[in-house]
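Engineer: To be precise about what I am sending: the file is called start-v2.txt and holds compact mmCIF, C-alpha atoms.
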```
# COMPACT_ATOMS: atom_id res chain seq x y z
CA MET A 27 21.60 99.89 156.53
CA ILE A 28 23.94 97.03 155.56
CA ASP A 29 22.85 94.59 152.86
CA ASP A 30 22.91 90.81 153.12
CA GLU A 31 26.33 89.16 153.23
CA PRO A 32 27.99 88.80 149.81
CA LYS A 33 28.66 85.34 148.41
CA LEU A 34 31.72 83.82 150.08
CA PRO A 35 34.73 82.71 148.02
CA VAL A 36 35.09 78.98 147.43
CA ILE A 37 38.03 77.30 149.20
CA HIS A 38 39.58 75.00 146.60
CA ARG A 39 42.45 73.75 148.70
CA ARG A 40 44.06 74.32 152.08
CA GLU A 41 47.51 73.30 153.21
CA GLU A 42 49.89 73.95 156.06
CA ARG A 43 52.90 76.12 155.31
CA PRO A 44 55.72 75.80 157.79
CA GLU A 45 58.09 77.73 155.54
CA LYS A 46 57.98 80.47 152.90
CA SER A 47 55.23 82.03 154.96
CA LEU A 48 54.15 85.65 155.43
CA PHE A 49 54.80 85.10 159.11
CA ARG A 50 58.12 84.85 160.91
CA VAL A 51 58.51 83.60 164.48
CA GLU A 52 61.24 84.61 166.91
CA ALA A 53 61.98 82.99 170.28
CA LEU A 54 63.24 85.20 173.12
CA ASP A 55 65.12 83.78 176.11
CA LEU A 56 64.13 86.19 178.90
CA GLU A 57 65.13 86.88 182.48
CA PHE A 58 62.69 88.91 184.56
CA SER A 59 63.85 91.39 187.22
CA ASN A 60 62.96 88.83 189.94
CA GLY A 61 65.31 86.27 188.35
CA GLU A 62 62.58 84.13 186.70
CA ARG A 63 63.58 82.74 183.29
CA ARG A 64 61.15 82.11 180.42
CA THR A 65 61.34 81.51 176.67
CA TYR A 66 58.59 83.41 174.85
CA GLU A 67 57.77 83.27 171.15
CA ARG A 68 56.61 86.26 169.17
CA LEU A 69 55.36 86.84 165.67
CA MET A 70 57.48 89.34 163.75
CA SER A 71 55.67 91.91 161.64
CA ARG A 72 56.72 92.12 158.01
CA GLY A 73 57.05 95.42 156.22
CA VAL A 74 57.46 99.00 157.32
CA GLY A 75 54.23 99.74 159.19
CA ALA A 76 50.48 99.81 158.82
CA VAL A 77 47.57 102.24 159.01
CA ILE A 78 43.86 102.06 159.78
CA ILE A 79 41.73 104.94 158.53
CA VAL A 80 38.71 106.67 160.07
CA ALA A 81 37.41 108.51 156.97
CA MET A 82 34.65 111.04 157.66
CA PRO A 83 32.79 112.58 154.68
CA ASP A 84 31.02 114.84 157.19
CA ALA A 85 31.13 115.42 160.97
CA ASP A 86 28.57 112.68 161.73
CA THR A 87 29.50 109.87 159.32
CA VAL A 88 32.32 107.37 159.00
CA LEU A 89 33.03 105.20 155.95
CA LEU A 90 33.19 101.45 156.64
CA VAL A 91 34.19 98.77 154.15
CA ARG A 92 32.96 95.21 153.82
CA GLU A 93 35.78 92.85 152.85
CA TYR A 94 36.30 89.10 152.74
CA ALA A 95 38.29 88.09 155.85
CA CYS A 96 40.23 84.89 155.25
CA GLY A 97 41.03 84.32 158.96
CA VAL A 98 37.37 83.87 159.86
CA HIS A 99 36.10 82.98 156.34
CA ARG A 100 33.32 85.56 156.28
CA TYR A 101 32.79 89.09 155.07
CA GLU A 102 33.70 91.54 157.82
CA VAL A 103 32.60 95.15 158.24
CA GLY A 104 35.35 97.44 159.51
CA LEU A 105 37.63 100.34 158.73
CA PRO A 106 39.85 100.49 155.62
CA LYS A 107 43.47 99.66 156.39
CA GLY A 108 46.70 98.46 154.87
CA ARG A 109 50.44 98.18 155.00
CA LEU A 110 52.73 101.09 154.19
CA GLU A 111 54.90 101.00 151.12
CA PRO A 112 58.63 101.72 151.56
CA GLY A 113 59.26 105.47 151.95
CA GLU A 114 55.63 106.36 152.69
CA SER A 115 54.65 108.32 155.79
CA HIS A 116 51.61 107.20 157.76
CA VAL A 117 49.38 109.91 156.31
CA GLU A 118 50.62 109.22 152.75
CA GLY A 119 49.92 105.51 153.17
CA ALA A 120 46.50 106.26 154.63
CA ASN A 121 45.61 108.54 151.71
CA ARG A 122 46.70 105.88 149.20
CA GLU A 123 44.76 103.08 150.91
CA LEU A 124 41.71 105.34 151.11
CA GLN A 125 41.81 105.89 147.35
CA GLU A 126 42.35 102.19 146.64
CA GLU A 127 39.72 100.80 149.00
CA VAL A 128 37.11 103.54 149.33
CA GLY A 129 37.46 105.78 146.26
CA TYR A 130 38.17 108.99 148.18
CA ALA A 131 41.23 111.09 148.93
CA SER A 132 41.59 113.48 151.88
CA ARG A 133 42.95 117.01 152.29
CA ASP A 134 43.04 116.72 156.11
CA LEU A 135 44.83 113.69 157.57
CA GLU A 136 45.83 113.37 161.22
CA VAL A 137 47.44 110.53 163.21
CA LEU A 138 45.31 109.89 166.32
CA GLY A 139 47.51 107.26 167.94
CA GLN A 140 48.90 103.75 167.71
CA LEU A 141 47.17 100.39 168.21
CA THR A 142 48.83 97.03 168.73
CA LEU A 143 47.19 93.71 167.91
CA ALA A 144 48.41 91.36 170.61
CA PRO A 145 51.48 92.98 172.18
CA GLY A 146 52.08 89.90 174.32
CA TYR A 147 53.13 87.87 171.28
CA MET A 148 53.07 90.08 168.16
CA THR A 149 55.30 93.01 167.20
CA HIS A 150 52.61 94.43 164.91
CA ALA A 151 51.50 98.07 165.34
CA THR A 152 49.00 100.14 163.33
CA GLN A 153 48.69 103.92 163.25
CA VAL A 154 45.14 105.28 163.46
CA VAL A 155 44.65 108.06 160.89
CA LEU A 156 41.63 110.37 160.89
CA ALA A 157 40.80 111.55 157.33
CA ARG A 158 38.50 114.53 156.74
CA ASP A 159 37.80 116.94 153.88
CA LEU A 160 37.31 114.07 151.42
CA TYR A 161 36.94 114.22 147.62
CA PRO A 162 36.36 111.48 145.06
CA SER A 163 39.60 109.92 143.81
CA ARG A 164 40.24 106.31 142.86
CA LEU A 165 43.54 104.42 142.68
CA PRO A 166 43.77 100.81 141.51
CA GLY A 167 44.37 98.39 144.40
CA ASP A 168 45.33 94.73 144.59
CA GLU A 169 42.00 93.57 146.00
CA PRO A 170 40.39 90.64 144.17
CA GLU A 171 37.05 92.46 144.12
CA GLU A 172 35.79 95.98 144.72
CA LEU A 173 34.98 96.64 148.36
CA GLU A 174 31.49 97.66 149.40
CA VAL A 175 31.60 101.07 151.14
CA ILE A 176 29.11 101.64 153.96
CA PRO A 177 28.48 105.10 155.46
CA TRP A 178 27.70 104.74 159.18
CA PRO A 179 26.61 107.35 161.78
CA ILE A 180 29.49 107.60 164.26
CA ALA A 181 27.03 108.32 167.10
CA ASN A 182 25.69 104.79 166.65
CA LEU A 183 28.65 102.54 167.43
CA ALA A 184 26.66 100.44 169.91
CA GLU A 185 24.50 98.99 167.14
CA LEU A 186 27.52 98.42 164.91
CA ILE A 187 29.49 96.35 167.42
CA GLN A 188 26.47 94.18 168.16
CA ARG A 189 26.72 92.88 164.58
CA GLU A 190 28.36 89.45 164.32
CA ASP A 191 30.40 90.60 161.31
CA CYS A 192 31.95 93.65 163.00
CA THR A 193 34.42 92.14 165.46
CA GLU A 194 37.88 93.51 164.79
CA GLY A 195 39.29 95.05 167.98
CA ARG A 196 41.40 97.58 166.06
CA SER A 197 38.47 98.88 164.01
CA ILE A 198 36.23 99.21 167.06
CA ALA A 199 38.96 100.90 169.13
CA ALA A 200 39.77 103.35 166.31
CA LEU A 201 36.09 104.25 165.84
CA TYR A 202 35.70 105.03 169.55
CA MET A 203 38.94 107.06 169.53
CA ALA A 204 37.55 109.21 166.70
CA ARG A 205 34.18 109.57 168.42
CA ASP A 206 35.83 110.64 171.69
CA LEU A 207 37.79 113.27 169.81
CA LYS A 208 34.62 114.54 168.11
CA ASP A 209 32.80 114.73 171.46
CA LYS A 210 35.62 116.86 172.88
CA THR A 211 35.60 119.41 170.05
CA MET B 171 47.76 107.16 188.83
CA ILE B 172 50.15 104.66 187.19
CA ASP B 173 53.69 104.34 188.55
CA ASP B 174 56.86 104.39 186.49
CA GLU B 175 57.47 101.46 184.17
CA PRO B 176 58.85 98.36 185.91
CA LYS B 177 62.32 97.10 185.03
CA LEU B 178 62.23 95.25 181.71
CA PRO B 179 63.37 91.63 181.46
CA VAL B 180 66.80 91.04 179.97
CA ILE B 181 66.85 89.34 176.55
CA HIS B 182 69.62 86.73 176.78
CA ARG B 183 69.15 85.25 173.34
CA ARG B 184 66.85 85.47 170.33
CA GLU B 185 66.47 83.02 167.49
CA GLU B 186 64.16 82.33 164.61
CA ARG B 187 61.88 79.33 164.97
CA PRO B 188 60.49 78.09 161.69
CA GLU B 189 59.17 74.92 163.32
CA LYS B 190 57.92 73.67 166.69
CA SER B 191 56.30 77.07 167.08
CA LEU B 192 53.19 78.22 168.95
CA PHE B 193 51.94 79.44 165.59
CA ARG B 194 50.63 77.42 162.67
CA VAL B 195 50.11 78.80 159.16
CA GLU B 196 47.56 77.58 156.63
CA ALA B 197 47.37 78.57 152.96
CA LEU B 198 43.93 78.82 151.32
CA ASP B 199 43.47 78.61 147.56
CA LEU B 200 40.39 80.83 147.02
CA GLU B 201 38.04 81.66 144.18
CA PHE B 202 35.94 84.80 144.62
CA SER B 203 32.38 85.07 143.30
CA ASN B 204 33.66 87.18 140.36
CA GLY B 205 36.03 84.36 139.35
CA GLU B 206 39.24 85.95 140.71
CA ARG B 207 41.68 83.43 142.23
CA ARG B 208 44.00 84.18 145.15
CA THR B 209 46.09 82.21 147.63
CA TYR B 210 45.83 83.73 151.12
CA GLU B 211 47.73 82.66 154.23
CA ARG B 212 46.23 82.70 157.67
CA LEU B 213 47.50 82.11 161.18
CA MET B 214 45.63 79.32 162.95
CA SER B 215 44.70 79.85 166.57
CA ARG B 216 45.83 77.18 169.02
CA GLY B 217 43.60 76.01 171.82
CA VAL B 218 39.91 76.17 172.55
CA GLY B 219 39.22 79.89 172.85
CA ALA B 220 40.19 83.01 174.77
CA VAL B 221 38.65 85.63 177.05
CA ILE B 222 39.34 89.25 177.95
CA ILE B 223 37.84 90.49 181.21
CA VAL B 224 36.35 93.87 182.15
CA ALA B 225 36.35 93.50 185.95
CA MET B 226 34.49 96.25 187.83
CA PRO B 227 34.85 96.42 191.65
CA ASP B 228 32.19 99.19 191.58
CA ALA B 229 30.07 100.90 188.92
CA ASP B 230 32.73 103.52 188.11
CA THR B 231 35.99 101.56 188.20
CA VAL B 232 37.67 98.94 186.03
CA LEU B 233 40.72 96.86 187.01
CA LEU B 234 43.66 97.07 184.59
CA VAL B 235 46.83 95.00 184.78
CA ARG B 236 50.37 95.93 183.82
CA GLU B 237 52.21 93.00 182.24
CA TYR B 238 55.40 92.52 180.27
CA ALA B 239 54.51 92.28 176.56
CA CYS B 240 57.12 90.32 174.65
CA GLY B 241 55.86 91.41 171.19
CA VAL B 242 56.71 95.05 171.84
CA HIS B 243 59.30 94.47 174.66
CA ARG B 244 57.68 96.86 177.12
CA TYR B 245 55.23 96.72 179.99
CA GLU B 246 51.71 97.23 178.67
CA VAL B 247 48.63 98.37 180.57
CA GLY B 248 45.45 96.59 179.54
CA LEU B 249 42.72 94.20 180.58
CA PRO B 250 43.41 90.75 182.08
CA LYS B 251 42.96 87.95 179.55
CA GLY B 252 43.91 84.41 178.76
CA ARG B 253 43.24 81.18 176.93
CA LEU B 254 40.49 78.78 177.96
CA GLU B 255 41.38 75.39 179.37
CA PRO B 256 39.70 72.35 177.78
CA GLY B 257 36.12 71.97 179.01
CA GLU B 258 35.85 75.49 180.43
CA SER B 259 33.03 77.84 179.45
CA HIS B 260 33.90 81.46 178.68
CA VAL B 261 32.66 82.70 182.05
CA GLU B 262 34.48 79.90 183.90
CA GLY B 263 37.72 80.73 182.09
CA ALA B 264 37.23 84.43 182.79
CA ASN B 265 36.69 83.78 186.50
CA ARG B 266 39.83 81.62 186.70
CA GLU B 267 42.00 84.16 184.86
CA LEU B 268 40.63 86.93 187.09
CA GLN B 269 41.71 85.00 190.19
CA GLU B 270 45.14 84.20 188.70
CA GLU B 271 45.97 87.66 187.34
CA VAL B 272 44.03 90.09 189.53
CA GLY B 273 43.29 88.28 192.81
CA TYR B 274 39.51 88.59 192.60
CA ALA B 275 36.63 86.26 191.74
CA SER B 276 33.22 87.37 190.50
CA ARG B 277 29.62 86.36 191.30
CA ASP B 278 28.25 88.13 188.21
CA LEU B 279 29.87 87.27 184.86
CA GLU B 280 28.36 88.19 181.48
CA VAL B 281 29.63 87.73 177.91
CA LEU B 282 29.36 91.11 176.12
CA GLY B 283 30.47 89.98 172.66
CA GLN B 284 33.32 88.67 170.56
CA LEU B 285 36.44 90.43 169.29
CA THR B 286 38.79 89.25 166.56
CA LEU B 287 42.43 90.30 166.28
CA ALA B 288 43.05 90.56 162.53
CA PRO B 289 40.24 88.64 160.83
CA GLY B 290 41.91 89.16 157.44
CA TYR B 291 44.73 86.77 158.35
CA MET B 292 44.12 85.30 161.83
CA THR B 293 41.45 82.86 163.01
CA HIS B 294 41.81 84.11 166.60
CA ALA B 295 38.70 85.27 168.51
CA THR B 296 38.32 86.47 172.11
CA GLN B 297 35.11 86.70 174.13
CA VAL B 298 34.66 89.89 176.14
CA VAL B 299 33.43 89.07 179.66
CA LEU B 300 32.10 91.70 182.06
CA ALA B 301 32.77 90.69 185.71
CA ARG B 302 30.94 92.42 188.57
CA ASP B 303 30.21 91.65 192.24
CA LEU B 304 33.87 90.88 192.95
CA TYR B 305 35.42 89.37 196.09
CA PRO B 306 39.07 88.65 196.96
CA SER B 307 40.21 85.20 195.78
CA ARG B 308 43.64 84.21 194.50
CA LEU B 309 44.60 81.23 192.31
CA PRO B 310 48.21 80.47 191.35
CA GLY B 311 48.95 81.37 187.70
CA ASP B 312 51.85 80.64 185.39
CA GLU B 313 53.04 84.25 185.17
CA PRO B 314 56.78 84.77 185.82
CA GLU B 315 55.97 87.66 188.18
CA GLU B 316 52.91 89.04 189.97
CA LEU B 317 50.97 91.51 187.85
CA GLU B 318 50.44 95.07 189.03
CA VAL B 319 46.70 95.79 189.30
CA ILE B 320 45.57 99.34 188.48
CA PRO B 321 42.04 100.60 189.29
CA TRP B 322 40.96 103.09 186.61
CA PRO B 323 37.83 105.29 186.32
CA ILE B 324 35.89 103.96 183.32
CA ALA B 325 34.62 107.49 182.56
CA ASN B 326 38.20 108.48 181.75
CA LEU B 327 39.17 106.26 178.81
CA ALA B 328 40.40 109.22 176.74
CA GLU B 329 43.35 109.76 179.08
CA LEU B 330 44.10 106.05 179.23
CA ILE B 331 44.40 105.55 175.48
CA GLN B 332 46.67 108.56 175.14
CA ARG B 333 49.28 106.61 177.13
CA GLU B 334 52.01 105.08 174.99
CA ASP B 335 51.81 101.82 176.97
CA CYS B 336 48.06 101.27 176.49
CA THR B 337 47.76 100.31 172.84
CA GLU B 338 46.06 96.93 172.53
CA GLY B 339 43.03 97.24 170.24
CA ARG B 340 41.15 94.45 172.02
CA SER B 341 41.56 96.02 175.48
CA ILE B 342 40.50 99.46 174.25
CA ALA B 343 37.51 98.07 172.32
CA ALA B 344 36.37 95.99 175.33
CA LEU B 345 36.64 98.98 177.68
CA TYR B 346 34.46 101.10 175.37
CA MET B 347 31.95 98.25 175.00
CA ALA B 348 31.60 98.08 178.80
CA ARG B 349 31.33 101.87 179.09
CA ASP B 350 28.63 102.01 176.40
CA LEU B 351 26.67 99.37 178.29
CA LYS B 352 27.02 101.33 181.53
CA ASP B 353 25.87 104.55 179.84
CA LYS B 354 22.75 102.77 178.60
CA THR B 355 21.71 101.40 182.00
```
Can I see the file as C-alpha cells?
Structural biologist:
Amino acid sequence: MIDDEPKLPVIHRREERPEKSLFRVEALDLEFSNGERRTYERLMSRGVGAVIIVAMPDADTVLLVREYACGVHRYEVGLPKGRLEPGESHVEGANRELQEEVGYASRDLEVLGQLTLAPGYMTHATQVVLARDLYPSRLPGDEPEELEVIPWPIANLAELIQREDCTEGRSIAALYMARDLKDKT
Amino acid sequence: MIDDEPKLPVIHRREERPEKSLFRVEALDLEFSNGERRTYERLMSRGVGAVIIVAMPDADTVLLVREYACGVHRYEVGLPKGRLEPGESHVEGANRELQEEVGYASRDLEVLGQLTLAPGYMTHATQVVLARDLYPSRLPGDEPEELEVIPWPIANLAELIQREDCTEGRSIAALYMARDLKDKT
C-alpha cells in the first residue's frame, strides 16, 4: 500500500549552530512547593502556533503524507502539519496546509484537541484538526519537492504504527483521537 | 479520579541561554533528488536513548504519573519516562525509571516500538516499553518531589485525552499502542 522509500537527499555539509538558530533556550530558576530548588532549561517555540491535520476523504480513510524528515534523515509517513501564519485561526491554517501539502481543501474543519511534544522541556503545542468534506484545491507551498499522499484505512492503525517509518508520537496520537471519535458516532 | 492540580513551583528567574545548553543545534546543507537545495536545522538529542513505560499492575489498568512540566509550566498527567544511562538496555532503563518514578519493578518487560518527537527537526527517539507482572520496589530518583501515581483504566483513554493536562503525543500514542495490543490478545 506504500511504495518503496524515495531517494534520500544528499547531505553536503553539516555544522553546529550555537546562534542564529530556529531554536531558543530559556533557563528557569524554580522553587517547588516543598522548598526544593532546581534550574530547568526549556526550548521556546517560535511562531504563533501549529496544526496537525486528520484529513478524511470518506468516513473510512485518512490521508497520510510521506515527507523527508531531517531529524532522523529518512522519509517519514505521517499526518500533514505546519505552523500558523500570523492572524490565522487554527482551522484556517489547517485548511491552508492541507491545500499546500495534500492538494485538498475542506468545508468541514473541527479542532479535536491539543497535543504537546515534550512538555517537560518544550513549550511547543499543536492543535489537532479533523478535516472532512474535502475537494481538490492546490496552493503552492515551500516544500522542496511535492509530497506523496497516501490514503490509509483508519481502522488499520495497528499495521501503520508497526512500520519503521511511521514513528511520530503526534501523528499516531492524532490518528487514534480521530478513530475514537469515529467509533463513538 | 484525579485530584486537583498540585501547587505550581515559583519561577524566581528566567534567562536566555544561547550556550552551555542541554540542546545542541546542527545545520544540514541538503540536496534533494530533484536538485532542490535547502539548509535545514535540527536539534540533536543528548545521551544514549530514552524510554517511555506503559506499566500495567493488572490487565485493565495502567499507571500514570503527574509531574511538573517546565515547558508548559503546569502539572501534566502522562506515562513515566526517562533517559537511559550508559550501558543500559531499553528494558533495564525502563525498569529503573519505573522504580524511581512509580515505586514498582517489573518481571515482564517488552519493547513495543519506537516513537519520535518531531522527526522533521529533532533526532530524538523513545522506545515504548510495556511492563507487566509488577511488584513494589523503590529506587531513589533525581526528581525534586515525589510523583503522584494515578491508576487509570486503559479502556477509558477517550476521557483521559480530553483532559487539558494530558497532552503529550508520545504518552497518548504509547497508551493506544498498548491498548491495541491488549485488544488483539
Engineer: I need the contact residues of chain A against chain B, so if you could list those with any atom within 7 Å, counting only C-alpha atoms, and return them as a PyMOL selection string, that would help.
Structural biologist: chain A and resi 33-45+51-59+62+68+95-98+140-149+170+184+193-196+198-199+206
Engineer: Separation of atom CA of A:Glu127 and atom CA of A:Arg205, in Å?
Structural biologist: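 These two atoms are separated by 22.0 Å.
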Engineer: Using all atoms listed in the file, which protein or nucleic acid residues come within 10 Å of B:Ile172? Drop anything in the same chain fewer than 5 positions from it, and give the result as a short mmCIF file (atom, residue, chain, number, x, y, z; two decimals) with C-alpha atoms, in the frame of the given file.
Structural biologist:
```cif
data_model
loop_
_atom_site.label_atom_id
_atom_site.label_comp_id
_atom_site.auth_asym_id
_atom_site.auth_seq_id
_atom_site.Cartn_x
_atom_site.Cartn_y
_atom_site.Cartn_z
CA ARG B 236 50.37 95.93 183.82
CA VAL B 247 48.63 98.37 180.57
CA GLU B 318 50.44 95.07 189.03
CA VAL B 319 46.70 95.79 189.30
CA ILE B 320 45.57 99.34 188.48
CA PRO B 321 42.04 100.60 189.29
CA TRP B 322 40.96 103.09 186.61
#
```
Engineer: In Å to one decimal, how far is atom CA of B:Glu255 from atom CA of B:Leu268?
Structural biologist: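 Going from atom CA of B:Leu268 over to atom CA of B:Glu255, I get 13.9 Å.
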Engineer: Enter the distance from atom CA of A:Pro106 to atom CA of A:Ala76, in Å, rounded to one decimal.
Structural biologist: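 Taking atom CA of A:Pro106 as the start and atom CA of A:Ala76 as the end point, the length is 11.1 Å.
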Engineer: Please provide the set of residues having any atom within 6 Å of stretch 302-310 of chain B, restricted to all atoms listed in the file, with same-chain residues fewer than 5 positions apart removed, written as a PyMOL selection string.
Structural biologist: chain B and resi 226-227+269-270+273-278
Engineer: Choose the residue, out of B:Thr231, B:Ser259, B:Asn265, B:Gln297, that has the smallest atom-to-atom separation from B:Pro323; count all atoms listed in the file.
Structural biologist: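 For B:Pro323, the nearest of the given residues is B:Thr231.
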Engineer: My list of candidates is A:Gly73, A:Ala204, A:Glu31, A:Val117. Which is closest to A:Leu105 when distances are computed with only C-alpha atoms?
Structural biologist: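 Between A:Gly73, A:Ala204, A:Glu31, A:Val117, the residue approaching A:Leu105 most closely is A:Ala204.
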Engineer: Using all atoms listed in the file, which of B:Leu300, B:Leu317, B:Leu254, B:Leu279 sits nearest B:Val218?
Structural biologist: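 Smallest separation from B:Val218 among the options: B:Leu254.
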